[in-house]
Each structure stands twice: as structure tokens, then as C-alpha cells.
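Enquirer: Data: my_file11.txt, compact mmCIF, C-alpha atoms.
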```txt
# COMPACT_ATOMS: atom_id res chain seq x y z
CA MET A 185 -9.93 -34.20 29.83
CA SER A 186 -7.61 -32.84 27.23
CA ILE A 187 -7.10 -29.15 26.65
CA LEU A 188 -7.88 -27.98 23.13
CA THR A 189 -5.43 -25.94 21.10
CA ILE A 190 -6.32 -22.25 20.96
CA LEU A 191 -6.00 -20.76 17.50
CA GLN A 192 -4.05 -17.54 17.33
CA TYR A 193 -4.54 -14.59 15.01
CA PRO A 194 -3.85 -14.45 12.03
CA ASP A 195 -5.34 -17.94 11.70
CA GLU A 196 -8.12 -17.34 9.17
CA ARG A 197 -10.54 -19.69 10.93
CA LEU A 198 -10.92 -16.95 13.58
CA GLN A 199 -12.52 -14.76 10.92
CA GLN A 200 -15.16 -17.23 9.78
CA VAL A 201 -18.82 -16.94 10.75
CA GLY A 202 -20.00 -19.75 12.99
CA ALA A 203 -22.80 -22.13 12.00
CA GLU A 204 -25.99 -22.51 14.03
CA VAL A 205 -26.04 -25.53 16.34
CA THR A 206 -28.96 -27.82 15.58
CA LEU A 207 -28.04 -31.07 17.32
CA PHE A 208 -28.02 -31.04 21.14
CA ASN A 209 -26.49 -34.42 21.88
CA ASP A 210 -23.83 -35.98 24.12
CA ALA A 211 -21.10 -35.22 21.58
CA LEU A 212 -21.98 -31.53 21.86
CA ARG A 213 -21.90 -31.69 25.65
CA THR A 214 -18.52 -33.48 25.61
CA PHE A 215 -17.14 -30.72 23.39
CA ILE A 216 -18.54 -28.05 25.71
CA HIS A 217 -16.81 -29.72 28.63
CA GLN A 218 -13.51 -29.69 26.72
CA LEU A 219 -14.05 -26.08 25.75
CA GLU A 220 -14.67 -25.10 29.36
CA THR A 221 -11.58 -27.01 30.54
CA THR A 222 -9.55 -25.12 27.93
CA MET A 223 -10.98 -21.77 29.09
CA ARG A 224 -10.16 -22.50 32.73
CA ALA A 225 -6.61 -23.63 31.86
CA GLY A 226 -5.78 -20.16 30.54
CA PRO A 227 -4.78 -17.55 33.13
CA GLY A 228 -7.66 -15.19 33.84
CA GLY A 229 -9.86 -16.34 31.00
CA VAL A 230 -13.52 -15.41 31.62
CA GLY A 231 -14.88 -16.62 28.31
CA ILE A 232 -14.20 -18.73 25.28
CA ALA A 233 -15.89 -19.33 21.94
CA ALA A 234 -15.87 -22.50 19.85
CA PRO A 235 -14.18 -20.87 16.82
CA GLN A 236 -11.16 -20.18 19.05
CA VAL A 237 -10.49 -23.91 19.05
CA GLY A 238 -11.34 -24.36 15.37
CA ARG A 239 -14.97 -25.46 15.71
CA ILE A 240 -16.79 -22.82 13.69
CA GLU A 241 -20.15 -23.05 15.43
CA ARG A 242 -22.23 -20.69 17.57
CA ILE A 243 -21.12 -21.94 20.98
CA ALA A 244 -19.60 -19.82 23.76
CA ILE A 245 -18.93 -20.12 27.47
CA VAL A 246 -18.75 -17.16 29.85
CA ASP A 247 -18.03 -17.22 33.56
CA VAL A 248 -17.06 -13.99 35.33
CA SER A 249 -17.85 -15.33 38.80
CA ALA A 250 -14.19 -15.06 39.83
CA LYS A 251 -14.73 -11.31 39.90
CA LYS A 252 -16.16 -10.23 43.21
CA LYS A 253 -18.81 -7.60 43.81
CA ILE A 254 -20.25 -7.47 40.30
CA LYS A 255 -23.65 -8.48 38.97
CA GLN A 256 -23.26 -11.76 37.14
CA HIS A 257 -25.01 -15.05 36.34
CA GLY A 258 -22.18 -17.51 37.05
CA ARG A 259 -21.23 -20.17 34.53
CA LEU A 260 -23.06 -19.73 31.26
CA VAL A 261 -23.18 -22.04 28.27
CA LEU A 262 -24.45 -19.97 25.37
CA ILE A 263 -25.53 -21.75 22.22
CA ASN A 264 -26.93 -19.85 19.23
CA PRO A 265 -26.85 -16.68 21.35
CA ASP A 266 -28.38 -13.43 20.21
CA ILE A 267 -28.26 -9.97 21.72
CA THR A 268 -31.75 -8.55 21.35
CA ALA A 269 -31.25 -5.19 23.06
CA TRP A 270 -28.33 -2.90 23.83
CA GLN A 271 -28.07 0.16 26.06
CA GLY A 272 -25.31 2.63 26.83
CA SER A 273 -21.68 2.39 25.81
CA VAL A 274 -18.50 2.15 27.80
CA VAL A 275 -14.80 1.81 27.03
CA GLY A 276 -12.90 -1.05 28.64
CA ARG A 277 -9.64 -2.94 28.23
CA GLU A 278 -9.72 -6.32 26.54
CA GLY A 279 -7.30 -9.04 25.65
CA CYS A 280 -7.84 -12.43 24.06
CA MET A 281 -6.35 -15.90 24.29
CA SER A 282 -6.21 -15.82 20.49
CA VAL A 283 -4.16 -12.58 20.50
CA PRO A 284 -1.33 -13.06 23.03
CA ASP A 285 0.66 -10.16 24.51
CA TYR A 286 -1.69 -7.38 23.48
CA THR A 287 -4.56 -5.57 25.15
CA GLY A 288 -6.54 -2.64 23.86
CA ASN A 289 -9.53 -0.43 24.53
CA VAL A 290 -12.87 -1.42 23.07
CA VAL A 291 -16.29 0.25 23.25
CA ARG A 292 -19.10 -2.09 24.29
CA ALA A 293 -22.75 -1.74 25.25
CA GLU A 294 -23.16 -1.27 28.99
CA THR A 295 -26.27 -3.40 29.33
CA ILE A 296 -27.65 -6.08 27.05
CA THR A 297 -30.53 -8.47 26.77
CA LEU A 298 -29.32 -11.87 25.67
CA THR A 299 -31.16 -14.94 24.45
CA ALA A 300 -29.44 -18.28 23.96
CA GLN A 301 -29.96 -22.00 24.29
CA ASP A 302 -28.21 -24.10 26.90
CA GLU A 303 -26.36 -27.38 26.22
CA PHE A 304 -29.71 -29.24 26.18
CA GLY A 305 -31.30 -26.81 23.72
CA GLN A 306 -33.41 -25.08 26.35
CA PRO A 307 -34.03 -21.38 25.72
CA GLN A 308 -32.58 -18.89 28.19
CA GLN A 309 -32.80 -15.13 28.54
CA PHE A 310 -30.57 -12.79 30.55
CA GLU A 311 -30.34 -9.14 31.41
CA MET A 312 -26.65 -8.31 31.81
CA GLU A 313 -24.47 -5.35 32.60
CA GLY A 314 -20.89 -4.25 32.97
CA PHE A 315 -18.06 -6.77 32.90
CA GLU A 316 -20.31 -9.76 32.20
CA ALA A 317 -22.05 -7.95 29.34
CA ARG A 318 -18.61 -7.06 27.95
CA ALA A 319 -17.45 -10.68 28.16
CA VAL A 320 -20.56 -11.87 26.31
CA GLN A 321 -20.11 -9.25 23.58
CA HIS A 322 -16.44 -10.26 23.20
CA GLU A 323 -17.35 -13.95 22.84
CA LEU A 324 -20.28 -13.36 20.52
CA ASP A 325 -17.95 -11.42 18.23
CA HIS A 326 -15.92 -14.62 17.83
CA LEU A 327 -19.05 -16.35 16.52
CA ASP A 328 -19.25 -13.71 13.78
CA GLY A 329 -15.57 -13.94 12.87
CA MET A 330 -14.65 -10.76 14.73
CA LEU A 331 -11.81 -10.12 17.17
CA PHE A 332 -11.39 -7.25 19.61
CA LEU A 333 -8.69 -6.03 17.21
CA ASP A 334 -11.55 -5.15 14.82
CA ARG A 335 -12.97 -2.75 17.39
CA LEU A 336 -9.89 -1.06 18.92
CA VAL A 337 -10.16 2.56 19.90
CA SER A 338 -7.25 4.80 20.87
CA ARG A 339 -5.57 4.19 24.19
CA ARG A 340 -5.31 7.92 24.57
CA SER A 341 -8.29 9.30 26.44
CA ASP A 342 -10.81 11.27 24.45
CA LEU A 343 -11.91 13.22 27.51
CA PHE A 344 -9.57 16.09 26.84
CA LYS A 345 -9.25 16.41 23.11
CA ARG A 346 -6.97 19.21 22.10
CA LYS A 347 -9.25 21.52 20.18
CA VAL A 348 -9.46 25.24 19.63
CA TYR A 349 -13.02 26.54 19.67
CA GLN A 350 -13.51 29.84 17.93
CA MET B 46 21.90 -11.89 14.91
CA ASP B 47 20.45 -8.49 14.08
CA LYS B 48 20.88 -5.85 16.75
CA TRP B 49 18.22 -3.56 18.14
CA TYR B 50 18.59 0.18 18.44
CA MET B 51 16.37 2.90 19.87
CA ALA B 52 16.19 5.80 17.46
CA VAL B 53 14.96 9.13 18.78
CA VAL B 54 14.01 11.62 16.11
CA VAL B 55 12.82 15.16 16.86
CA GLY B 56 12.08 18.08 14.59
CA ALA B 57 9.71 20.93 13.82
CA ASP B 58 6.43 19.24 12.88
CA ARG B 59 5.42 19.01 9.26
CA PRO B 60 3.55 16.41 7.21
CA GLY B 61 5.59 13.45 5.92
CA ILE B 62 8.22 12.98 8.64
CA VAL B 63 7.13 9.45 9.56
CA ALA B 64 6.92 8.32 5.95
CA LYS B 65 10.35 9.69 5.04
CA VAL B 66 12.18 8.44 8.14
CA THR B 67 10.69 4.95 7.99
CA ALA B 68 11.22 4.67 4.21
CA ALA B 69 14.92 5.44 4.71
CA LEU B 70 15.15 2.72 7.35
CA PHE B 71 13.25 0.22 5.21
CA ASP B 72 15.41 0.98 2.17
CA GLY B 73 18.46 0.42 4.38
CA GLY B 74 17.26 -3.08 5.25
CA CYS B 75 16.00 -2.31 8.77
CA ASN B 76 12.99 -3.77 10.52
CA LEU B 77 10.93 -1.66 12.94
CA GLY B 78 9.73 -2.81 16.34
CA GLU B 79 7.51 -0.90 18.74
CA ALA B 80 7.24 2.84 18.37
CA SER B 81 5.79 5.84 20.10
CA MET B 82 5.33 9.10 18.24
CA ALA B 83 3.59 12.33 19.13
CA ARG B 84 3.44 16.01 18.32
CA LEU B 85 4.64 17.86 21.39
CA GLY B 86 4.45 21.63 21.38
CA GLY B 87 4.89 21.94 17.62
CA ASN B 88 7.71 19.38 17.50
CA PHE B 89 7.25 15.94 16.08
CA THR B 90 8.90 13.31 18.25
CA MET B 91 9.55 9.69 17.37
CA MET B 92 10.93 6.90 19.50
CA LEU B 93 11.28 3.72 17.54
CA MET B 94 12.88 0.36 17.89
CA VAL B 95 15.01 -0.36 14.84
CA GLN B 96 16.50 -3.75 14.04
CA SER B 97 19.50 -3.76 11.75
CA GLU B 98 22.43 -5.89 10.73
CA GLY B 99 24.54 -2.75 10.71
CA ARG B 100 26.21 -0.83 13.47
CA GLU B 101 24.92 2.37 15.03
CA GLN B 102 26.90 4.47 12.57
CA ALA B 103 25.40 2.60 9.61
CA VAL B 104 21.84 3.34 10.81
CA LYS B 105 22.80 6.97 11.31
CA ALA B 106 24.21 7.12 7.80
CA MET B 107 20.97 5.73 6.30
CA LEU B 108 19.00 8.47 8.01
CA ALA B 109 21.48 11.26 7.27
CA PRO B 110 19.83 12.53 4.05
CA VAL B 111 16.32 12.71 5.59
CA VAL B 112 17.68 14.18 8.83
CA GLU B 113 19.35 16.91 6.84
CA SER B 114 16.49 17.62 4.44
CA LEU B 115 13.87 17.84 7.23
CA ASP B 116 16.22 19.49 9.74
CA LEU B 117 15.73 16.74 12.34
CA HIS B 118 17.72 15.76 15.42
CA LEU B 119 18.66 12.11 15.66
CA HIS B 120 19.96 10.03 18.54
CA ILE B 121 20.59 6.29 18.42
CA ASP B 122 21.43 3.85 21.20
CA SER B 123 21.96 0.13 21.24
CA ILE B 124 19.21 -1.59 23.30
CA ASN B 125 17.83 -4.99 24.28
CA GLY B 126 14.87 -5.62 21.98
CA GLU B 127 12.66 -7.38 24.47
CA LEU B 128 9.46 -8.02 22.54
CA HIS B 129 6.45 -10.19 23.50
CA HIS B 130 6.73 -9.36 27.20
CA HIS B 131 4.29 -6.49 27.68
CA LEU B 132 3.48 -5.51 31.22
CA GLU B 133 -0.22 -4.83 31.61
CA PRO B 134 -1.45 -1.76 33.47
CA ASP B 135 -4.11 -2.21 36.13
CA VAL B 136 -4.77 1.44 36.83
CA ARG B 137 -5.31 4.66 34.93
CA ILE B 138 -4.76 7.99 36.65
CA THR B 139 -5.71 11.37 35.26
CA LEU B 140 -4.46 14.58 36.87
CA PHE B 141 -5.43 18.06 35.76
CA GLY B 142 -5.39 21.60 36.97
CA GLU B 143 -3.99 25.06 36.51
CA ASP B 144 -0.55 24.70 34.96
CA ARG B 145 2.46 25.32 37.18
CA SER B 146 5.97 23.97 37.58
CA GLY B 147 6.39 20.77 39.54
CA ILE B 148 3.10 18.95 38.86
CA VAL B 149 4.75 15.93 37.25
CA ALA B 150 7.66 15.78 39.69
CA HIS B 151 5.51 16.01 42.80
CA ALA B 152 2.73 13.71 41.59
CA THR B 153 4.95 10.96 40.23
CA ALA B 154 7.16 11.06 43.35
CA ALA B 155 4.09 10.58 45.55
CA LEU B 156 2.80 7.76 43.32
CA ALA B 157 6.19 6.02 43.09
CA GLU B 158 6.39 6.08 46.87
CA VAL B 159 3.24 3.94 47.07
CA GLY B 160 4.24 1.43 44.43
CA LEU B 161 3.09 2.80 41.08
CA HIS B 162 5.08 1.43 38.16
CA ILE B 163 4.38 3.87 35.32
CA LEU B 164 3.97 2.10 31.97
CA SER B 165 2.86 5.10 29.95
CA LEU B 166 2.48 8.81 30.55
CA GLU B 167 1.09 11.46 28.26
CA SER B 168 0.57 15.07 29.11
CA ASP B 169 -0.75 18.17 27.42
CA VAL B 170 -0.64 21.84 28.15
CA ALA B 171 -4.15 22.91 27.22
CA GLY B 172 -6.34 25.92 27.88
CA SER B 173 -5.34 29.35 26.64
CA GLU B 174 -1.96 31.07 26.71
CA ASP B 175 -2.96 33.31 29.60
CA LYS B 176 -4.74 30.51 31.51
CA PRO B 177 -2.91 27.28 30.71
CA ILE B 178 -4.04 24.02 32.24
CA TYR B 179 -2.06 20.81 32.56
CA VAL B 180 -3.58 17.41 31.82
CA LEU B 181 -1.69 14.23 32.63
CA HIS B 182 -2.70 10.66 31.84
CA ILE B 183 -0.80 7.81 33.43
CA GLU B 184 -1.26 4.08 33.03
CA GLY B 185 0.62 1.82 35.37
CA ALA B 186 0.83 -1.21 37.59
CA ALA B 187 -0.23 -0.67 41.20
CA ARG B 188 2.34 -2.92 42.85
CA GLU B 189 1.12 -2.11 46.35
CA GLY B 190 -2.57 -2.01 45.49
CA ILE B 191 -4.98 0.70 44.50
CA PRO B 192 -5.92 1.93 48.02
CA ALA B 193 -2.25 2.97 48.50
CA LEU B 194 -2.45 5.01 45.30
CA GLU B 195 -5.72 6.59 46.42
CA SER B 196 -4.08 7.85 49.59
CA ALA B 197 -1.24 9.40 47.55
CA LEU B 198 -3.80 11.04 45.25
CA GLU B 199 -5.50 12.63 48.27
CA ILE B 200 -2.23 14.40 49.06
CA ILE B 201 -1.84 15.49 45.42
CA ALA B 202 -5.45 16.76 45.45
CA SER B 203 -4.77 18.75 48.60
CA GLU B 204 -2.18 20.67 46.58
CA GLY B 205 -4.85 21.87 44.14
CA ILE B 206 -4.62 19.23 41.41
CA GLU B 207 -7.75 17.35 40.35
CA THR B 208 -7.20 13.61 40.46
CA ARG B 209 -9.13 10.71 38.94
CA LEU B 210 -8.31 7.04 39.31
CA MET B 211 -9.87 4.24 37.28
CA PRO B 212 -8.91 0.62 37.81
CA ILE B 213 -8.26 -1.15 34.51
CA GLU B 214 -9.92 -4.54 34.63
CA THR B 215 -8.69 -6.29 31.54
CA LEU B 216 -11.10 -8.85 30.17
CA ILE B 217 -9.43 -11.91 28.69
CA GLY B 218 -11.80 -13.81 26.43
```
Is it possible to give me this structure as C-alpha cells?

Expert:
Amino acid sequence: MSILTILQYPDERLQQVGAEVTLFNDALRTFIHQLETTMRAGPGGVGIAAPQVGRIERIAIVDVSAKKKIKQHGRLVLINPDITAWQGSVVGREGCMSVPDYTGNVVRAETITLTAQDEFGQPQQFEMEGFEARAVQHELDHLDGMLFLDRLVSRRSDLFKRKVYQ
Amino acid sequence: MDKWYMAVVVGADRPGIVAKVTAALFDGGCNLGEASMARLGGNFTMMLMVQSEGREQAVKAMLAPVVESLDLHLHIDSINGELHHHLEPDVRITLFGEDRSGIVAHATAALAEVGLHILSLESDVAGSEDKPIYVLHIEGAAREGIPALESALEIIASEGIETRLMPIETLIG
């Protein structure tokens, strides 16, 4: 199975909004297999979204199961996904296969409720937290033409802001 | 091929230093690489990678008018401009406590001993003049693992410094 070419910023296709998937056929499933192969070929990649390979549709794959001791749902194929509830916020470090040699801090919701279809069009719903929730939010951003660069916050901690209170 | 220099610029802080220094470099045909700038104790400090066809003296000459008008100190060295090879930190350490001499020296010695490769360090003297506190943020690569760092931090904590360690788990998506 061939590995697809990952688009790199500033390729403008990364900033386009993905189209809803309406046809759940073998061609879709073949593409998903290629997309997953591409994700697993990259070092440390825990997610990928179709727009990263130039297919501007609402398809993402997330699999954080390589990380031990965290709550997670294993390999997830997420088609037409939608986050229906968010809770909490937490800063974490992110990088992206479409933005080589840079990582930055991004604020994400700590827990989310996610609905999506699988590769056969079946509806799914998940409650997620922590690293997996972060991965899903990162990938879903790609479906809306957003990169983690759009959400960077300072690397300097905001715990000890230098302020004079009078 | 253009050469890379590290320019270090320091002077009493005032608005406009960055704009004037970088405009002089741009007007002189230079390209900037990575930079780190901060206000430290009322001084503005800049460290910036400068790429130029000219020699060290030529870069100095371009900056001479702005250095003189803003009363800045300038130091330039030839360097290897090794871009696109960032090392990623996997740990963030925060130390804080009552300010006293030796915090940085003792803490970083203990951390170096157990394999910490410091990639960035920022510190502030905060609090009030009569009760200053010291706050230190370090990001680095734990070459001998995080448990080794934790044991070093226990020793630092026993000397009256508060220590916090957070693994940095970078998500690649």
C-alpha cells in the first residue's frame, strides 16, 4: 500500500474546509487504509486528517494506543465528526506532520463528547479526555482548515506573570 | 554562500529597539534567523541570528548608527547557522523560592548530573524589593529519564526550593 504525500504548510489546501462524506463505499475504505498507512509511516504520529493528504473531506484517523496508562479508545476512524460538548481547558505541546520542525503550546478542552460515523457510515459516540481528546481536537481542526499554528499560545508559562498589584 | 552571525544587542529598555535594529539589518541586505529577546531587569536584550554576505565588520557598521543613537552594546560572532534541526524538550521544570545566590548554579548542576540537556531557561526575580523571590523555568531533554530528574529535584527541594516537574508529551497529528 502506497504512502500518500503529506502536504506541508503553507500549502493553501490545508486551510480549506472539508466537505461532508456522503458515500460510504469501498473506494472510501481503500482511501482510509492508505491514510492510516501514511499516519503510521510518520514517526510518532497519533492522528491524521484527509486534508493533510489533499483530500478535502471530513475524514480523520486517531490512534493514541501506543501511549501507555491513558484512557483511550484505540484505533478510531472518524467520518463527519462533531464535538458536541467540551469541558475544562489544558495547555499541551503539539506538532504536526504538515508543519515539520516546530512544536508549540496549544490550549484544548480537557474532556469532549464526540459523535462521528465509522467507515461503514455507522454512528458512533465517545466520551474522551486528555491526550486522546487533544488528538481528536487537533485532527478536527484540519477538517475546518485550521492548524495548531492558528492556536499557539506563549511558550512562557503564565503561572507567574510579572505584575505589580497596587 | 552567505554567512551566519550571532548578534547580541543589549541596552536600557525603551520602545522601538527591535524595529530600529532589525530595520538597519534589513536595509543592509541581511536576513534574520531565529531570535530570542527579553526585557531583563530594565535592559532589553536581543540574541539574533543574522545572515549576511558581508563580514563581521560590515554587519557592525550597518548597526553603528542605531547602536549609537540608542546607546546599545553590540557583540557579533560568526556561527554555524544550523536551522531545521530543533531538539524537542520532553520535560518542563519550574523552580521557585526565596531569592538567594546560587539557586541556578546548584540546581542546574544537580540536573546536569542526571542527564538534563537544557534547551531553554528563563528566570525572573519577582516579589518585592525587601522579599524577592526567584522563579526559574527550564525546558529540556531528559537523556537519562524523568525518574533520575525527580531524584535530583528532591535534593534541590531539601535545600528550600520549591520544585515542579511536568513531562512534555508532544502530540504529533

Enquirer: Find the nearest atom pair between each residue of chain A and chain B for residues within 7 Å, count only C-alpha atoms, give distances in Å to one decimal, sort rows by chain and ascending number, and present the table as a tab-separated table.

Expert:
```
residue	atom	partner	partner_atom	distance
A:Gly228	CA	B:Ile217	CA	6.4
A:Gly229	CA	B:Ile217	CA	5.0
A:Val230	CA	B:Gly218	CA	5.7
A:Gly231	CA	B:Gly218	CA	4.6
A:Ile232	CA	B:Gly218	CA	5.6
A:Arg277	CA	B:Thr215	CA	4.8
A:Glu278	CA	B:Leu216	CA	4.6
A:Gly279	CA	B:Ile217	CA	4.7
A:Cys280	CA	B:Gly218	CA	4.8
A:Met281	CA	B:Gly218	CA	6.2
A:Asp285	CA	B:His129	CA	5.9
A:Ala319	CA	B:Gly218	CA	6.7
A:His322	CA	B:Gly218	CA	6.7
A:Glu323	CA	B:Gly218	CA	6.6
A:Arg346	CA	B:Ala171	CA	6.9
```

Enquirer: For those residues, write C-alpha atoms to a file as a CSV table (one decimal), keeping the file's coordinate frame.

Expert:
```
chain,number,residue,atom,x,y,z
A,228,GLY,CA,-7.7,-15.2,33.8
A,229,GLY,CA,-9.9,-16.3,31.0
A,230,VAL,CA,-13.5,-15.4,31.6
A,231,GLY,CA,-14.9,-16.6,28.3
A,232,ILE,CA,-14.2,-18.7,25.3
A,277,ARG,CA,-9.6,-2.9,28.2
A,278,GLU,CA,-9.7,-6.3,26.5
A,279,GLY,CA,-7.3,-9.0,25.6
A,280,CYS,CA,-7.8,-12.4,24.1
A,281,MET,CA,-6.4,-15.9,24.3
A,285,ASP,CA,0.7,-10.2,24.5
A,319,ALA,CA,-17.4,-10.7,28.2
A,322,HIS,CA,-16.4,-10.3,23.2
A,323,GLU,CA,-17.4,-14.0,22.8
A,346,ARG,CA,-7.0,19.2,22.1
```

Enquirer: Just to confirm, what's the straight-line distance from atom CA of B:Ile178 to atom CA of B:Leu198 in Å (one decimal)?

Expert: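 Atom-to-atom, atom CA of B:Ile178 to atom CA of B:Leu198, that is 18.4 Å.
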
Enquirer: Point out the residue among B:Val159, B:Ala109, B:Leu115, B:Leu77 with the least atom-to-atom distance to B:Arg59, counting all atoms listed in the file.

Expert: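 Of the candidates, the smallest distance to B:Arg59 is held by B:Leu115.
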
Enquirer: Point out the residue among A:Arg213, A:Arg224, A:Arg197, A:Arg318 with the least atom-to-atom distance to A:Ala250, counting all atoms listed in the file.

Expert: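 Nearest candidate to A:Ala250 out of A:Arg213, A:Arg224, A:Arg197, A:Arg318: A:Arg224.
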
Enquirer: Work out how far apart atom CA of A:Thr206 and atom CA of A:Leu188 are and give it in Å to one decimal.

Expert: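 Atom-to-atom, atom CA of A:Thr206 and atom CA of A:Leu188 are spaced 22.4 Å apart.
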
Enquirer: What does the distance from atom CA of A:Asp328 to atom CA of A:Arg239 come to in Å, to one decimal?

Expert: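 Going from atom CA of A:Asp328 over to atom CA of A:Arg239 covers 12.7 Å.
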
Enquirer: Using all atoms listed in the file, I'd like a table of the residues in stretch 277-329 of chain A that come within 6 Å of stretch 257-273 of chain A; for each, show the closest atom pair and its distance in Å rounded to one decimal, ordered by chain and ascending number, as JSON lines.

Expert:
```
{"residue": "A:Arg292", "atom": "CA", "partner": "A:Ser273", "partner_atom": "CA", "distance": 5.4}
{"residue": "A:Ala293", "atom": "CA", "partner": "A:Ser273", "partner_atom": "CA", "distance": 4.3}
{"residue": "A:Glu294", "atom": "CA", "partner": "A:Gly272", "partner_atom": "CA", "distance": 4.9}
{"residue": "A:Thr295", "atom": "CA", "partner": "A:Gln271", "partner_atom": "CA", "distance": 5.2}
{"residue": "A:Ile296", "atom": "CA", "partner": "A:Trp270", "partner_atom": "CA", "distance": 4.6}
{"residue": "A:Thr297", "atom": "CA", "partner": "A:Ala269", "partner_atom": "CA", "distance": 5.0}
{"residue": "A:Leu298", "atom": "CA", "partner": "A:Ile267", "partner_atom": "CA", "distance": 4.5}
{"residue": "A:Thr299", "atom": "CA", "partner": "A:Asp266", "partner_atom": "CA", "distance": 5.3}
{"residue": "A:Ala300", "atom": "CA", "partner": "A:Pro265", "partner_atom": "CA", "distance": 4.0}
{"residue": "A:Gln301", "atom": "CA", "partner": "A:Ile263", "partner_atom": "CA", "distance": 4.9}
{"residue": "A:Asp302", "atom": "CA", "partner": "A:Val261", "partner_atom": "CA", "distance": 5.6}
```

Enquirer: Centre and edge lengths, as AutoDock Vina command-line options, for the axis-aligned box enclosing every listed atom of stretch 117-131 of chain B with 4 Å of padding on each of the six sides, in Å to one decimal?

Expert:
```
--center_x 13.1 --center_y 3.3 --center_z 20.0 --size_x 25.7 --size_y 34.9 --size_z 23.3
```

Enquirer: Within 12 Å of A:Asp334, counting all atoms listed in the file, which residues show up once you throw out same-chain ones fewer than 2 positions away? Write them as a VMD selection string, please.

Expert: chain A and resid 193 198 to 199 278 283 288 to 291 322 325 to 326 328 to 332 336 to 337

Enquirer: Of the candidates A:Ile190, A:Ala317, A:Ala234, A:Ile254, which shows the shortest atom-to-atom distance to A:Gly202, using only C-alpha atoms?

Expert: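 The closest residue to A:Gly202 is A:Ala234.
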
Enquirer: From the set A:Val201, A:Leu324, A:Leu207, A:Glu316, which residue has the shortest atom-to-atom contact distance to A:Lys252, counting all atoms listed in the file?

Expert: A:Glu316

Enquirer: Can you pull out the residues contacting B:Ile62? Cut-off 10 Å, using all atoms listed in the file, and skip same-chain residues under 4 positions away; I want them as a list in words.

Expert: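 My reading of the contact set: Val54, Val55, Gly56, Ala57, Asp58, Val66, Thr67, Ala68, Phe89, Thr90, Met91, Val111, Val112, Leu115 and Leu117 of chain B.
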
Enquirer: Find the residues with any atom within 12 Å of (-8.8, 22.5, 40.4); use all atoms listed in the file and the coordinates as given in the file, and write the answer as an mmCIF file with C-alpha atoms, in the coordinates of the input.

Expert:
```cif
data_model
loop_
_atom_site.group_PDB
_atom_site.id
_atom_site.type_symbol
_atom_site.label_atom_id
_atom_site.label_comp_id
_atom_site.auth_asym_id
_atom_site.auth_seq_id
_atom_site.Cartn_x
_atom_site.Cartn_y
_atom_site.Cartn_z
ATOM 1 C CA LEU B 140 -4.460 14.580 36.870
ATOM 2 C CA PHE B 141 -5.430 18.060 35.760
ATOM 3 C CA GLY B 142 -5.390 21.600 36.970
ATOM 4 C CA GLU B 143 -3.990 25.060 36.510
ATOM 5 C CA ASP B 144 -0.550 24.700 34.960
ATOM 6 C CA ILE B 178 -4.040 24.020 32.240
ATOM 7 C CA TYR B 179 -2.060 20.810 32.560
ATOM 8 C CA VAL B 180 -3.580 17.410 31.820
ATOM 9 C CA ILE B 201 -1.840 15.490 45.420
ATOM 10 C CA ALA B 202 -5.450 16.760 45.450
ATOM 11 C CA SER B 203 -4.770 18.750 48.600
ATOM 12 C CA GLU B 204 -2.180 20.670 46.580
ATOM 13 C CA GLY B 205 -4.850 21.870 44.140
ATOM 14 C CA ILE B 206 -4.620 19.230 41.410
ATOM 15 C CA GLU B 207 -7.750 17.350 40.350
ATOM 16 C CA THR B 208 -7.200 13.610 40.460
ATOM 17 C CA ARG B 209 -9.130 10.710 38.940
#
```

Enquirer: What's the 12 Å shell around A:Ala211, counting only C-alpha atoms, without same-chain residues fewer than 5 positions away, as a compact mmCIF listing (two decimals) with C-alpha atoms, keeping the file's coordinate frame?

Expert:
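In the end it all went to out-v9.txt:
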```txt
# COMPACT_ATOMS: atom_id res chain seq x y z
CA ILE A 216 -18.54 -28.05 25.71
CA HIS A 217 -16.81 -29.72 28.63
CA GLN A 218 -13.51 -29.69 26.72
CA GLU A 303 -26.36 -27.38 26.22
CA PHE A 304 -29.71 -29.24 26.18
```
